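This is coords_22.txt. It holds compact mmCIF, C-alpha atoms.
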# COMPACT_ATOMS: atom_id res chain seq x y z
CA MET A 1 -158.41 -113.39 -36.06
CA ASN A 2 -156.61 -116.68 -36.16
CA CYS A 3 -154.12 -116.53 -33.30
CA SER A 4 -151.76 -119.25 -34.32
CA HIS A 5 -151.20 -117.97 -37.79
CA GLU A 6 -152.42 -114.55 -38.85
CA ALA A 7 -151.66 -112.70 -35.63
CA VAL A 8 -148.15 -114.14 -35.38
CA GLU A 9 -147.55 -113.24 -38.99
CA LEU A 10 -148.52 -109.65 -38.22
CA MET A 11 -146.25 -109.58 -35.19
CA HIS A 12 -143.27 -110.49 -37.33
CA LYS A 13 -144.22 -107.92 -39.89
CA TYR A 14 -144.37 -105.41 -37.07
CA LEU A 15 -140.91 -106.37 -35.91
CA ASP A 16 -139.62 -105.88 -39.46
CA HIS A 17 -141.36 -102.47 -39.66
CA ASP A 18 -143.44 -103.82 -42.51
CA LEU A 19 -146.94 -103.20 -41.15
CA THR A 20 -149.44 -100.99 -42.91
CA LYS A 21 -151.57 -98.66 -40.77
CA GLU A 22 -154.57 -100.90 -41.27
CA GLU A 23 -152.70 -104.07 -40.24
CA GLU A 24 -151.27 -102.33 -37.23
CA GLY A 25 -154.75 -101.39 -36.07
CA ARG A 26 -155.95 -104.95 -36.50
CA LEU A 27 -153.02 -106.31 -34.54
CA ARG A 28 -153.53 -103.83 -31.72
CA VAL A 29 -157.22 -104.65 -31.40
CA HIS A 30 -156.44 -108.36 -31.38
CA LEU A 31 -153.67 -108.04 -28.77
CA GLU A 32 -156.01 -106.19 -26.42
CA ASP A 33 -158.38 -109.14 -26.45
CA CYS A 34 -156.09 -112.15 -26.70
CA GLU A 35 -153.87 -112.93 -23.77
CA ALA A 36 -152.03 -115.75 -25.50
CA CYS A 37 -150.99 -113.50 -28.35
CA GLN A 38 -149.96 -110.78 -25.93
CA LYS A 39 -147.68 -113.26 -24.24
CA HIS A 40 -146.31 -114.43 -27.57
CA PHE A 41 -145.62 -110.86 -28.62
CA HIS A 42 -143.79 -110.00 -25.41
CA GLU A 43 -141.71 -113.12 -25.69
CA LEU A 44 -140.65 -112.16 -29.18
CA GLU A 45 -139.71 -108.66 -28.15
CA ARG A 46 -137.81 -109.96 -25.18
CA THR A 47 -135.98 -112.52 -27.28
CA ILE A 48 -134.72 -109.76 -29.54
CA LYS A 49 -133.58 -107.70 -26.56
CA LEU A 50 -131.74 -110.68 -25.10
CA VAL A 51 -129.97 -111.35 -28.38
CA GLN A 52 -129.05 -107.70 -28.84
CA ASN A 53 -127.64 -107.48 -25.35
CA THR A 54 -125.11 -110.24 -25.72
CA GLU A 55 -121.58 -109.03 -25.18
CA GLN A 56 -119.38 -107.86 -27.99
CA ILE A 57 -116.46 -110.06 -28.85
CA THR A 58 -113.13 -108.62 -29.96
CA ALA A 59 -110.59 -110.21 -32.24
CA PRO A 60 -107.35 -111.62 -30.77
CA ALA A 61 -104.53 -109.10 -30.39
CA ASP A 62 -102.37 -110.52 -33.15
CA PHE A 63 -105.24 -110.94 -35.61
CA LYS A 64 -104.25 -108.06 -37.91
CA LYS A 65 -100.58 -109.01 -37.84
CA SER A 66 -101.33 -112.57 -38.94
CA VAL A 67 -103.56 -111.34 -41.75
CA MET A 68 -100.91 -108.96 -43.04
CA GLN A 69 -98.27 -111.66 -42.94
CA LYS A 70 -100.40 -114.00 -45.00
CA LEU A 71 -101.13 -111.51 -47.77
CA PRO A 72 -99.35 -112.02 -51.09
CA ALA A 73 -96.32 -109.75 -51.53
CA GLU A 74 -97.09 -106.35 -52.97
CA LYS A 75 -95.36 -104.91 -56.00
CA LYS A 76 -92.05 -103.16 -55.38
CA ASN A 77 -92.93 -99.90 -57.11
CA VAL A 78 -95.88 -99.41 -54.77
CA LYS A 79 -93.55 -99.76 -51.83
CA TYR A 80 -91.26 -97.04 -53.15
CA LEU A 81 -94.16 -94.83 -54.04
CA ARG A 82 -95.51 -95.06 -50.52
CA TRP A 83 -92.09 -94.31 -49.09
CA PHE A 84 -91.84 -91.20 -51.22
CA LYS A 85 -95.28 -90.11 -50.11
CA ALA A 86 -94.36 -90.59 -46.49
CA HIS A 87 -91.14 -88.59 -46.81
CA PRO A 88 -91.87 -85.58 -49.03
CA VAL A 89 -88.84 -83.54 -47.91
CA LEU A 90 -86.40 -86.36 -48.52
CA THR A 91 -88.07 -87.06 -51.85
CA SER A 92 -87.67 -83.51 -53.06
CA ALA A 93 -84.06 -83.58 -51.88
CA VAL A 94 -83.43 -86.80 -53.81
CA ILE A 95 -85.04 -85.39 -56.93
CA PHE A 96 -83.01 -82.21 -56.61
CA VAL A 97 -79.76 -84.13 -56.26
CA ILE A 98 -80.61 -86.34 -59.23
CA PHE A 99 -81.33 -83.35 -61.45
CA MET A 100 -78.28 -81.48 -60.32
CA PHE A 101 -75.92 -84.38 -60.89
CA SER A 102 -77.41 -85.36 -64.20
CA GLY A 103 -77.05 -81.75 -65.35
CA MET A 104 -73.46 -81.56 -64.26
CA PHE A 105 -72.52 -84.92 -65.68
CA SER A 106 -74.07 -84.20 -69.01
CA SER A 107 -72.21 -80.91 -69.26
CA TRP A 108 -69.07 -82.79 -68.27
CA ASN A 109 -69.53 -85.44 -70.89
CA GLN A 110 -71.01 -83.57 -73.78
CA SER A 111 -67.98 -81.32 -74.25
CA GLY A 112 -65.50 -83.80 -75.57
CA GLU A 113 -63.94 -81.37 -77.98
CA LEU A 114 -61.32 -78.80 -77.37
CA VAL A 115 -62.57 -75.49 -76.11
CA VAL A 116 -60.35 -72.47 -75.81
CA SER A 117 -61.34 -69.05 -74.67
CA LYS A 118 -61.23 -66.54 -77.45
CA GLN A 119 -57.92 -64.85 -77.39
CA GLU A 120 -55.42 -63.74 -79.92
CA ASN A 121 -51.91 -65.02 -80.24
CA LEU A 122 -52.71 -68.59 -79.20
CA GLU A 123 -51.31 -71.48 -81.17
CA ILE A 124 -53.27 -74.71 -81.38
CA GLN A 125 -51.55 -77.95 -82.32
CA GLY A 126 -53.96 -80.84 -82.25
CA ASP A 127 -55.13 -81.08 -78.64
CA THR A 128 -52.48 -78.80 -77.32
CA VAL A 129 -52.84 -75.09 -76.84
CA ILE A 130 -49.61 -73.19 -76.80
CA VAL A 131 -48.90 -69.76 -75.53
CA PRO A 132 -45.92 -68.96 -77.73
CA GLU A 133 -42.72 -67.55 -76.36
CA GLY A 134 -42.55 -63.83 -76.10
CA VAL A 135 -46.33 -63.48 -76.38
CA THR A 136 -48.50 -62.03 -73.68
CA VAL A 137 -52.09 -63.22 -73.58
CA GLU A 138 -54.44 -60.70 -72.11
CA GLY A 139 -57.33 -61.72 -69.89
CA ASP A 140 -58.32 -65.07 -68.38
CA LEU A 141 -57.45 -68.18 -70.31
CA LEU A 142 -59.72 -71.23 -70.35
CA VAL A 143 -58.73 -74.53 -71.92
CA LYS A 144 -61.11 -77.45 -71.88
CA ASN A 145 -60.38 -81.01 -73.00
CA GLY A 146 -56.88 -80.18 -74.11
CA ASP A 147 -53.38 -79.69 -72.84
CA LEU A 148 -51.77 -76.34 -72.35
CA ARG A 149 -48.19 -75.32 -72.79
CA ILE A 150 -47.22 -71.92 -71.62
CA ASP A 151 -44.00 -70.59 -73.08
CA GLY A 152 -45.03 -66.97 -72.97
CA THR A 153 -47.02 -64.97 -70.47
CA VAL A 154 -50.67 -65.07 -69.48
CA ASP A 155 -51.93 -61.86 -68.00
CA GLY A 156 -54.85 -63.24 -66.03
CA ASP A 157 -56.18 -66.48 -64.50
CA VAL A 158 -55.69 -69.81 -66.22
CA ARG A 159 -58.26 -72.56 -66.01
CA LEU A 160 -57.38 -75.93 -67.31
CA VAL A 161 -60.22 -78.41 -67.45
CA ASN A 162 -59.70 -82.07 -68.23
CA GLY A 163 -56.22 -81.55 -69.48
CA ASP A 164 -52.62 -81.24 -68.40
CA LEU A 165 -50.24 -78.40 -68.14
CA ILE A 166 -47.25 -79.47 -70.19
CA LYS A 167 -44.02 -78.51 -68.59
CA ASP A 168 -41.67 -77.99 -71.43
CA ASP A 169 -38.73 -80.14 -70.62
CA THR A 170 -37.14 -79.73 -74.01
CA ILE A 171 -35.81 -76.30 -73.34
CA GLU A 172 -34.15 -77.09 -70.10
CA GLY A 173 -31.36 -74.74 -70.78
CA SER A 174 -33.42 -71.64 -70.67
CA GLY A 175 -34.12 -72.25 -67.04
CA LEU A 176 -37.17 -72.60 -64.93
CA MET A 177 -38.27 -69.10 -65.41
CA ALA A 178 -38.84 -69.39 -69.10
CA SER A 179 -39.96 -73.00 -69.33
CA ALA A 180 -42.80 -72.64 -66.93
CA GLY A 181 -43.99 -69.59 -68.73
CA GLU A 182 -45.54 -66.89 -66.73
CA VAL A 183 -49.03 -66.68 -65.34
CA ASN A 184 -49.94 -63.44 -63.69
CA GLY A 185 -52.93 -64.83 -61.85
CA ASP A 186 -54.28 -68.14 -60.49
CA LEU A 187 -53.66 -71.36 -62.25
CA GLN A 188 -56.44 -73.85 -61.77
CA GLN A 189 -56.37 -77.35 -63.07
CA VAL A 190 -59.55 -79.36 -62.99
CA ASP A 191 -59.64 -82.92 -64.19
CA GLN A 192 -61.76 -84.89 -61.78
CA VAL A 193 -65.50 -85.02 -61.96
CA PHE A 194 -65.92 -83.82 -58.43
CA GLU A 195 -63.42 -81.07 -58.81
CA TRP A 196 -65.32 -80.16 -61.92
CA LEU A 197 -68.49 -79.98 -59.86
CA TRP A 198 -66.80 -77.94 -57.22
CA PHE A 199 -65.39 -75.66 -59.82
CA HIS A 200 -68.79 -75.37 -61.43
CA MET A 201 -70.46 -74.41 -58.22
CA LYS A 202 -67.75 -71.98 -57.26
CA ASP A 203 -68.17 -70.42 -60.63
CA LEU A 204 -71.92 -70.24 -60.22
CA ILE A 205 -71.68 -68.64 -56.81
CA LYS A 206 -69.08 -66.20 -58.03
CA SER A 207 -71.26 -65.21 -60.94
CA ILE A 208 -74.22 -64.74 -58.67
CA PHE A 209 -72.28 -62.39 -56.45
CA SER A 210 -70.70 -60.42 -59.25
CA LEU A 211 -73.32 -60.24 -61.96
CA GLY A 212 -72.56 -56.68 -62.87
CA HIS A 213 -68.87 -57.34 -62.98
CA ILE A 214 -69.28 -60.17 -65.48
CA GLN A 215 -71.26 -58.01 -67.82
CA LEU A 216 -68.38 -55.63 -67.97
CA THR A 217 -65.65 -58.20 -68.44
CA GLY A 218 -67.60 -60.67 -70.51
CA THR A 219 -67.01 -58.97 -73.80
CA MET B 1 -115.98 -93.70 -42.25
CA ASP B 2 -117.51 -94.58 -45.56
CA LEU B 3 -115.46 -91.95 -47.36
CA ILE B 4 -112.25 -93.05 -45.72
CA THR B 5 -112.98 -96.68 -46.57
CA ARG B 6 -113.60 -95.72 -50.17
CA GLU B 7 -110.27 -93.91 -50.36
CA LYS B 8 -108.48 -96.81 -48.72
CA ILE B 9 -109.98 -99.27 -51.16
CA LYS B 10 -108.76 -97.17 -54.07
CA GLN B 11 -105.28 -97.37 -52.63
CA VAL B 12 -105.56 -101.12 -52.10
CA LYS B 13 -106.66 -101.52 -55.70
CA ARG B 14 -103.49 -99.70 -56.73
CA GLY B 15 -101.64 -102.38 -54.76
CA ASP B 16 -100.98 -100.55 -51.51
CA GLN B 17 -100.87 -103.10 -48.73
CA SER B 18 -100.60 -100.65 -45.86
CA ALA B 19 -103.97 -99.14 -46.81
CA PHE B 20 -105.42 -102.61 -46.42
CA GLU B 21 -103.99 -102.76 -42.91
CA ASP B 22 -106.28 -99.87 -41.97
CA ILE B 23 -109.25 -101.71 -43.40
CA VAL B 24 -108.37 -104.78 -41.33
CA SER B 25 -108.08 -102.58 -38.23
CA PHE B 26 -111.49 -101.15 -38.78
CA TYR B 27 -113.37 -104.36 -39.53
CA GLN B 28 -111.44 -107.03 -37.65
CA ASN B 29 -113.63 -107.10 -34.54
CA LYS B 30 -116.86 -107.13 -36.51
CA ILE B 31 -115.75 -109.89 -38.82
CA TYR B 32 -114.19 -111.94 -36.06
CA GLN B 33 -117.35 -111.64 -34.00
CA HIS B 34 -119.48 -112.62 -36.96
CA CYS B 35 -117.36 -115.70 -37.61
CA TYR B 36 -117.39 -116.56 -33.93
CA ARG B 37 -121.18 -116.37 -33.71
CA MET B 38 -121.52 -118.43 -36.87
CA LEU B 39 -118.97 -121.08 -35.93
CA GLY B 40 -119.14 -121.14 -32.16
CA ASN B 41 -115.46 -121.49 -31.40
CA ARG B 42 -112.51 -119.16 -31.28
CA HIS B 43 -110.09 -121.27 -33.21
CA GLU B 44 -112.26 -121.57 -36.29
CA ALA B 45 -113.41 -117.97 -35.97
CA GLU B 46 -109.81 -116.76 -36.13
CA ASP B 47 -109.05 -119.06 -39.03
CA ILE B 48 -112.08 -118.05 -41.12
CA GLY B 49 -111.86 -114.41 -40.06
CA GLN B 50 -108.31 -114.17 -41.40
CA GLU B 51 -109.28 -116.06 -44.54
CA THR B 52 -112.05 -113.51 -45.08
CA PHE B 53 -109.58 -110.61 -45.18
CA ILE B 54 -107.12 -112.49 -47.37
CA ARG B 55 -109.88 -113.30 -49.87
CA ALA B 56 -111.02 -109.68 -49.80
CA TYR B 57 -107.50 -108.48 -50.54
CA VAL B 58 -106.89 -110.94 -53.35
CA ASN B 59 -110.27 -110.25 -54.95
CA ILE B 60 -110.42 -106.51 -54.28
CA HIS B 61 -110.66 -105.79 -58.01
CA SER B 62 -113.96 -107.58 -58.20
CA PHE B 63 -115.41 -105.24 -55.58
CA ASP B 64 -117.74 -102.69 -57.17
CA ASP B 65 -117.08 -99.23 -55.69
CA LYS B 66 -120.73 -98.31 -55.90
CA ARG B 67 -121.68 -101.01 -53.44
CA LYS B 68 -121.21 -101.00 -49.71
CA PHE B 69 -117.88 -102.47 -48.69
CA SER B 70 -119.10 -103.92 -45.40
CA THR B 71 -121.83 -105.82 -47.25
CA TRP B 72 -119.25 -107.30 -49.58
CA LEU B 73 -116.94 -108.23 -46.71
CA TYR B 74 -119.70 -109.87 -44.68
CA ARG B 75 -120.73 -111.82 -47.72
CA ILE B 76 -117.26 -113.33 -48.01
CA ALA B 77 -117.21 -114.09 -44.29
CA THR B 78 -120.67 -115.65 -44.30
CA ASN B 79 -119.94 -117.83 -47.31
CA LEU B 80 -116.71 -119.03 -45.75
CA THR B 81 -118.35 -119.86 -42.42
CA ILE B 82 -121.16 -121.76 -44.12
CA ASP B 83 -118.61 -123.68 -46.18
CA ARG B 84 -116.78 -124.56 -43.01
CA ILE B 85 -119.96 -125.67 -41.24
CA ARG B 86 -120.87 -127.89 -44.19
CA LYS B 87 -117.46 -129.47 -44.26
CA ARG B 88 -117.39 -130.32 -40.59
CA LYS B 89 -120.93 -131.67 -40.38
CA PRO B 90 -120.13 -135.39 -40.57
CA ASP B 91 -117.63 -135.32 -37.74
CA TYR B 92 -118.59 -133.60 -34.58
CA TYR B 93 -115.74 -132.31 -32.45
CA LEU B 94 -116.32 -133.84 -29.07
CA ASP B 95 -113.38 -131.96 -27.65
CA ALA B 96 -114.42 -128.63 -29.11
CA GLU B 97 -114.97 -126.14 -26.36
CA ILE B 98 -118.54 -124.99 -26.13
CA ARG B 99 -118.70 -121.28 -26.69
CA GLY B 100 -118.89 -119.21 -23.58
CA THR B 101 -118.22 -122.06 -21.21
CA ASP B 102 -114.90 -122.09 -19.49
CA GLY B 103 -113.28 -125.31 -20.62
CA LEU B 104 -116.53 -127.22 -21.08
CA ASP B 105 -116.42 -129.48 -24.11
CA MET B 106 -118.84 -131.81 -25.79
CA TYR B 107 -117.86 -134.71 -23.56
CA SER B 108 -119.31 -132.86 -20.62
CA GLN B 109 -122.48 -132.40 -22.64
CA LEU B 110 -122.94 -136.12 -23.15
CA ALA B 111 -123.59 -136.67 -19.49
CA THR B 112 -125.98 -133.77 -19.14
CA ASP B 113 -128.03 -134.71 -22.13
CA HIS B 114 -131.48 -134.62 -20.64
CA ARG B 115 -131.46 -131.65 -18.37
CA LEU B 116 -134.43 -129.36 -18.62
CA PRO B 117 -133.78 -125.92 -20.10
CA GLU B 118 -134.55 -124.27 -16.77
CA GLU B 119 -131.88 -126.31 -15.03
CA GLU B 120 -129.44 -125.51 -17.79
CA VAL B 121 -130.01 -121.83 -17.34
CA GLN B 122 -129.31 -122.07 -13.65
CA GLY B 123 -125.98 -123.75 -14.25
CA MET B 124 -124.78 -121.17 -16.67
CA GLU B 125 -124.51 -117.46 -17.04
CA LEU B 126 -127.48 -116.04 -18.94
CA GLN B 127 -125.21 -114.56 -21.60
CA ASP B 128 -123.58 -117.90 -22.28
CA TYR B 129 -126.93 -119.59 -22.49
CA ILE B 130 -128.19 -117.10 -25.07
CA ASN B 131 -124.99 -117.46 -27.08
CA GLN B 132 -125.39 -121.19 -27.04
CA GLN B 133 -128.98 -120.93 -28.24
CA ILE B 134 -127.97 -118.69 -31.10
CA SER B 135 -125.26 -121.09 -32.23
CA GLY B 136 -127.77 -123.90 -31.87
CA LEU B 137 -129.93 -122.45 -34.65
CA PRO B 138 -129.65 -123.98 -38.11
CA PRO B 139 -127.04 -121.96 -40.09
CA LYS B 140 -129.53 -120.37 -42.44
CA TYR B 141 -131.53 -118.88 -39.58
CA ARG B 142 -128.42 -118.21 -37.53
CA SER B 143 -126.87 -116.02 -40.21
CA VAL B 144 -129.92 -113.76 -40.61
CA ILE B 145 -130.45 -113.42 -36.86
CA ILE B 146 -126.80 -112.52 -36.31
CA LEU B 147 -126.76 -110.05 -39.19
CA ARG B 148 -130.04 -108.45 -38.12
CA TYR B 149 -129.67 -108.22 -34.36
CA LEU B 150 -125.96 -108.33 -33.67
CA GLU B 151 -124.53 -106.53 -36.69
CA GLU B 152 -127.69 -104.44 -37.19
CA PHE B 153 -127.97 -104.68 -40.94
CA SER B 154 -131.23 -103.81 -42.65
CA LEU B 155 -133.26 -106.58 -44.26
CA GLN B 156 -132.27 -105.29 -47.70
CA GLU B 157 -128.58 -105.38 -46.76
CA ILE B 158 -128.95 -108.92 -45.47
CA SER B 159 -130.53 -109.86 -48.77
CA ASP B 160 -127.45 -108.42 -50.51
CA ILE B 161 -125.00 -110.13 -48.20
CA LEU B 162 -126.57 -113.56 -48.47
CA ASP B 163 -127.58 -113.11 -52.09
CA ILE B 164 -131.12 -114.31 -51.43
CA PRO B 165 -134.42 -112.54 -52.17
CA LEU B 166 -135.79 -110.12 -49.57
CA GLY B 167 -138.83 -112.39 -49.08
CA THR B 168 -136.58 -115.29 -48.15
CA VAL B 169 -134.74 -113.10 -45.65
CA LYS B 170 -138.06 -112.24 -44.02
CA THR B 171 -139.16 -115.87 -43.84
CA ARG B 172 -135.87 -116.90 -42.31
CA ILE B 173 -135.86 -114.10 -39.79
CA HIS B 174 -139.44 -114.98 -38.71
CA ARG B 175 -138.53 -118.61 -38.23
CA GLY B 176 -135.29 -117.73 -36.51
CA ARG B 177 -137.12 -115.45 -34.09
CA GLU B 178 -139.74 -118.09 -33.38
CA ALA B 179 -137.08 -120.75 -32.77
CA LEU B 180 -135.21 -118.49 -30.37
CA ARG B 181 -138.42 -117.43 -28.66
CA LYS B 182 -139.17 -121.04 -27.83
CA LYS B 183 -135.73 -121.49 -26.37
CA LEU B 184 -135.58 -118.24 -24.43
CA ARG B 185 -139.19 -117.88 -23.23
CA HIS B 186 -138.50 -119.43 -19.86
CA VAL B 187 -135.33 -117.44 -19.19

Can I see the file as structure tokens?
Amino acid sequence: MNCSHEAVELMHKYLDHDLTKEEEGRLRVHLEDCEACQKHFHELERTIKLVQNTEQITAPADFKKSVMQKLPAEKKNVKYLRWFKAHPVLTSAVIFVIFMFSGMFSSWNQSGELVVSKQENLEIQGDTVIVPEGVTVEGDLLVKNGDLRIDGTVDGDVRLVNGDLIKDDTIEGSGLMASAGEVNGDLQQVDQVFEWLWFHMKDLIKSIFSLGHIQLTGT
Amino acid sequence: MDLITREKIKQVKRGDQSAFEDIVSFYQNKIYQHCYRMLGNRHEAEDIGQETFIRAYVNIHSFDDKRKFSTWLYRIATNLTIDRIRKRKPDYYLDAEIRGTDGLDMYSQLATDHRLPEEEVQGMELQDYINQQISGLPPKYRSVIILRYLEEFSLQEISDILDIPLGTVKTRIHRGREALRKKLRHV
């Protein structure tokens, strides 16, 4: 075997785990005989060990920070998305609030027309609902998006949403008693969005707690 | 780790920068070390190491998910270091600190030009001497030796990283080993 070329070639193949069984046998036989090649082989193996044993080097402490600072700005929506992912509870709260408000607002806005609860004896003049004098309205009265004038009597609660209670100043002579009309129950006036919300929620809670009751009185 | 890296890369591709931060955390020491071994000084290693990650981030969409990410990253790093070595070839930094020596620069080397290797070894820690010999290799041998014995890539992976045929990798690694053997035989 030619030491300077073939044997060295086989040694490198050995180091790359590329030797066939046959070549390995040839190399072993040669190494047993040839001291020079033995030395060469040990030197190679030692060189590799020396290289592998060099110490590991670590990056400077602020390496990552500098890299991140130099990156091009990321898109805004990704930032928000990540925030939402990191705060699932807050996110669901935000979504809940958005849905709730949008629901309330749309029900606030959509009903631009006059709504009056179904009762007999009510007079309607344009946007004004009048409880005529001498008339008694039975049950709760609801007026939405309109004004209400009570000359007669309401036998129940009055809810006035987005409208005014007109105090009839024209009949001053008949005294306070008659002009204010008579409401035998609560008089609620709601004309602010937040009061509307509050009213809505109160209503909801009330209905939850008195489901059976509503079924009876709803007719 | 491979699975986590894959997931992180998906997130980076969607534009998530914080996922990339985790990738930097994981690979920063390896890439910095690779650049340092290739370039031989800390300043350039930091510079090129950071550039490697920035390039990876900007070009993340060209990364094929089926391939190995580390291979792709090392390829960027190796190309950048070789570019840098080519650029600096004409002017040699005399005041550049020699790797592993505390404050020794090239000026100090001018005076000690003709010392025998044995004497050199005595004046220096063995580790530093080996480091110096590795950085003394021509870049094309240096890169394969570093990738093979310091980063422990397989020959096939090195062929992927350097984009050269497997046969060429073998030739270079043989020559690199022989060159180092000659320098380290008397240690």

Nearest candidate to chain B (options A:Gln188, A:Gln56, A:Asn121, A:Ser207; using only C-alpha atoms):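 Looking only at the distances to chain B, the closest residue turns out to be A:Gln56.
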
Per residue of chain B within 7 Å of chain A, what are the shortest atom pair and its distance in Å to one decimal, counting all atoms listed in the file, with rows by chain and residue number, as a tab-separated table?
residue	atom	partner	partner_atom	distance
B:Gly15	CA	A:Glu74	CA	6.3
B:Asp16	CA	A:Val78	CA	6.2
B:Gln17	CA	A:Glu74	CA	6.5
B:Glu21	CA	A:Met68	CA	6.9
B:Val24	CA	A:Lys64	CA	6.3
B:Ser25	CA	A:Lys64	CA	6.7
B:Gln28	CA	A:Ala59	CA	6.3
B:Asn29	CA	A:Thr58	CA	4.9
B:Tyr32	CA	A:Ala59	CA	5.5
B:Gln33	CA	A:Ile57	CA	5.5
B:Gln50	CA	A:Val67	CA	5.5
B:Phe53	CA	A:Val67	CA	7.0
B:Ile54	CA	A:Leu71	CA	6.1
B:Gln127	CA	A:Thr54	CA	6.0
B:Ile130	CA	A:Val51	CA	6.9
B:Tyr149	CA	A:Gln52	CA	5.6
B:Leu150	CA	A:Gln52	CA	5.8
B:His174	CA	A:His12	CA	6.1
B:Arg177	CA	A:Leu44	CA	6.9
B:Leu180	CA	A:Thr47	CA	6.8
B:Arg181	CA	A:Thr47	CA	5.7
B:Leu184	CA	A:Thr47	CA	6.4
B:Arg185	CA	A:Glu43	CA	5.9

Distance of CA of Arg172 (chain B) from CA of His34 (chain B), expressed in Å to one decimal place: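 According to the coordinates, CA of His34 (chain B) and CA of Arg172 (chain B) are separated by 17.8 Å.
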
Within-8 Å shell of (-53.3, -82.2, -72.0) in input frame, all atoms listed in the file, as a list in words: Asp127, Thr128, Asn145, Gly146, Asp147, Leu148, Asn162, Gly163, Asp164, Leu165 and Ile166 of chain A

Centre and edge lengths, as lines of an AutoDock Vina configuration file, for the axis-aligned box enclosing every listed atom of region 2-13 of chain B with 3 Å of padding on each of the six sides, in Å to one decimal?
center_x = -111.4
center_y = -96.7
center_z = -50.6
size_x = 18.2
size_y = 15.6
size_z = 16.1

Pairwise distance for CA of Trp198 (chain A) and CA of Arg149 (chain A), rounded to one decimal in Å: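 One can read the CA of Trp198 (chain A) to CA of Arg149 (chain A) distance as 24.4 Å.
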
Atom pair CA of Thr81 (chain B) / CA of Arg6 (chain B): separation (Å):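 CA of Arg6 (chain B) lies at a distance of 25.8 Å from CA of Thr81 (chain B).
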
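Among B:Leu155, B:Leu3, B:Ala45, B:Ile31, the residue with the shortest atom-to-atom distance to Arg75 (chain B), counting all atoms listed in the file, is B:Ile31.
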
Region 157-161 of chain B: which residues within 12 Å, counting all atoms listed in the file, same-chain residues fewer than 2 positions away excluded, as a short mmCIF file (atom, residue, chain, number, x, y, z; two decimals) with C-alpha atoms, in the frame of the given file?
data_model
loop_
_atom_site.label_atom_id
_atom_site.label_comp_id
_atom_site.auth_asym_id
_atom_site.auth_seq_id
_atom_site.Cartn_x
_atom_site.Cartn_y
_atom_site.Cartn_z
CA ARG B 67 -121.68 -101.01 -53.44
CA LYS B 68 -121.21 -101.00 -49.71
CA PHE B 69 -117.88 -102.47 -48.69
CA SER B 70 -119.10 -103.92 -45.40
CA THR B 71 -121.83 -105.82 -47.25
CA TRP B 72 -119.25 -107.30 -49.58
CA LEU B 73 -116.94 -108.23 -46.71
CA TYR B 74 -119.70 -109.87 -44.68
CA ARG B 75 -120.73 -111.82 -47.72
CA ILE B 76 -117.26 -113.33 -48.01
CA ALA B 77 -117.21 -114.09 -44.29
CA THR B 78 -120.67 -115.65 -44.30
CA ASN B 79 -119.94 -117.83 -47.31
CA LYS B 140 -129.53 -120.37 -42.44
CA TYR B 141 -131.53 -118.88 -39.58
CA SER B 143 -126.87 -116.02 -40.21
CA VAL B 144 -129.92 -113.76 -40.61
CA ILE B 145 -130.45 -113.42 -36.86
CA ILE B 146 -126.80 -112.52 -36.31
CA LEU B 147 -126.76 -110.05 -39.19
CA ARG B 148 -130.04 -108.45 -38.12
CA TYR B 149 -129.67 -108.22 -34.36
CA GLU B 151 -124.53 -106.53 -36.69
CA GLU B 152 -127.69 -104.44 -37.19
CA PHE B 153 -127.97 -104.68 -40.94
CA SER B 154 -131.23 -103.81 -42.65
CA LEU B 155 -133.26 -106.58 -44.26
CA ASP B 163 -127.58 -113.11 -52.09
CA ILE B 164 -131.12 -114.31 -51.43
CA PRO B 165 -134.42 -112.54 -52.17
CA LEU B 166 -135.79 -110.12 -49.57
CA GLY B 167 -138.83 -112.39 -49.08
CA THR B 168 -136.58 -115.29 -48.15
CA VAL B 169 -134.74 -113.10 -45.65
CA LYS B 170 -138.06 -112.24 -44.02
CA THR B 171 -139.16 -115.87 -43.84
CA ARG B 172 -135.87 -116.90 -42.31
CA ILE B 173 -135.86 -114.10 -39.79
#

12 Å contact set for Asp186 (chain A), all atoms listed in the file, chain neighbours under 5 positions out, as an MDAnalysis selection string: chainID A and resid 139:142 154:160

Output of the above residues as an mmCIF file, in the coordinates of the input, restricted to C-alpha atoms:
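See out_15.cif below for the written result:
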data_model
loop_
_atom_site.group_PDB
_atom_site.id
_atom_site.type_symbol
_atom_site.label_atom_id
_atom_site.label_comp_id
_atom_site.auth_asym_id
_atom_site.auth_seq_id
_atom_site.Cartn_x
_atom_site.Cartn_y
_atom_site.Cartn_z
ATOM 1 C CA GLY A 139 -57.330 -61.720 -69.890
ATOM 2 C CA ASP A 140 -58.320 -65.070 -68.380
ATOM 3 C CA LEU A 141 -57.450 -68.180 -70.310
ATOM 4 C CA LEU A 142 -59.720 -71.230 -70.350
ATOM 5 C CA VAL A 154 -50.670 -65.070 -69.480
ATOM 6 C CA ASP A 155 -51.930 -61.860 -68.000
ATOM 7 C CA GLY A 156 -54.850 -63.240 -66.030
ATOM 8 C CA ASP A 157 -56.180 -66.480 -64.500
ATOM 9 C CA VAL A 158 -55.690 -69.810 -66.220
ATOM 10 C CA ARG A 159 -58.260 -72.560 -66.010
ATOM 11 C CA LEU A 160 -57.380 -75.930 -67.310
#

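In this comparison, which uses only C-alpha atoms, the residue of B:Pro139, B:Ile23, B:Asn41, B:Asp2 approaching Arg86 (chain B) most closely is B:Pro139.
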
Residue among B:Lys13, B:Lys182, B:Tyr27, B:Ser18 lying closest to Trp83 (chain A), counting only C-alpha atoms: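 Smallest distance to Trp83 (chain A) is found for B:Ser18.
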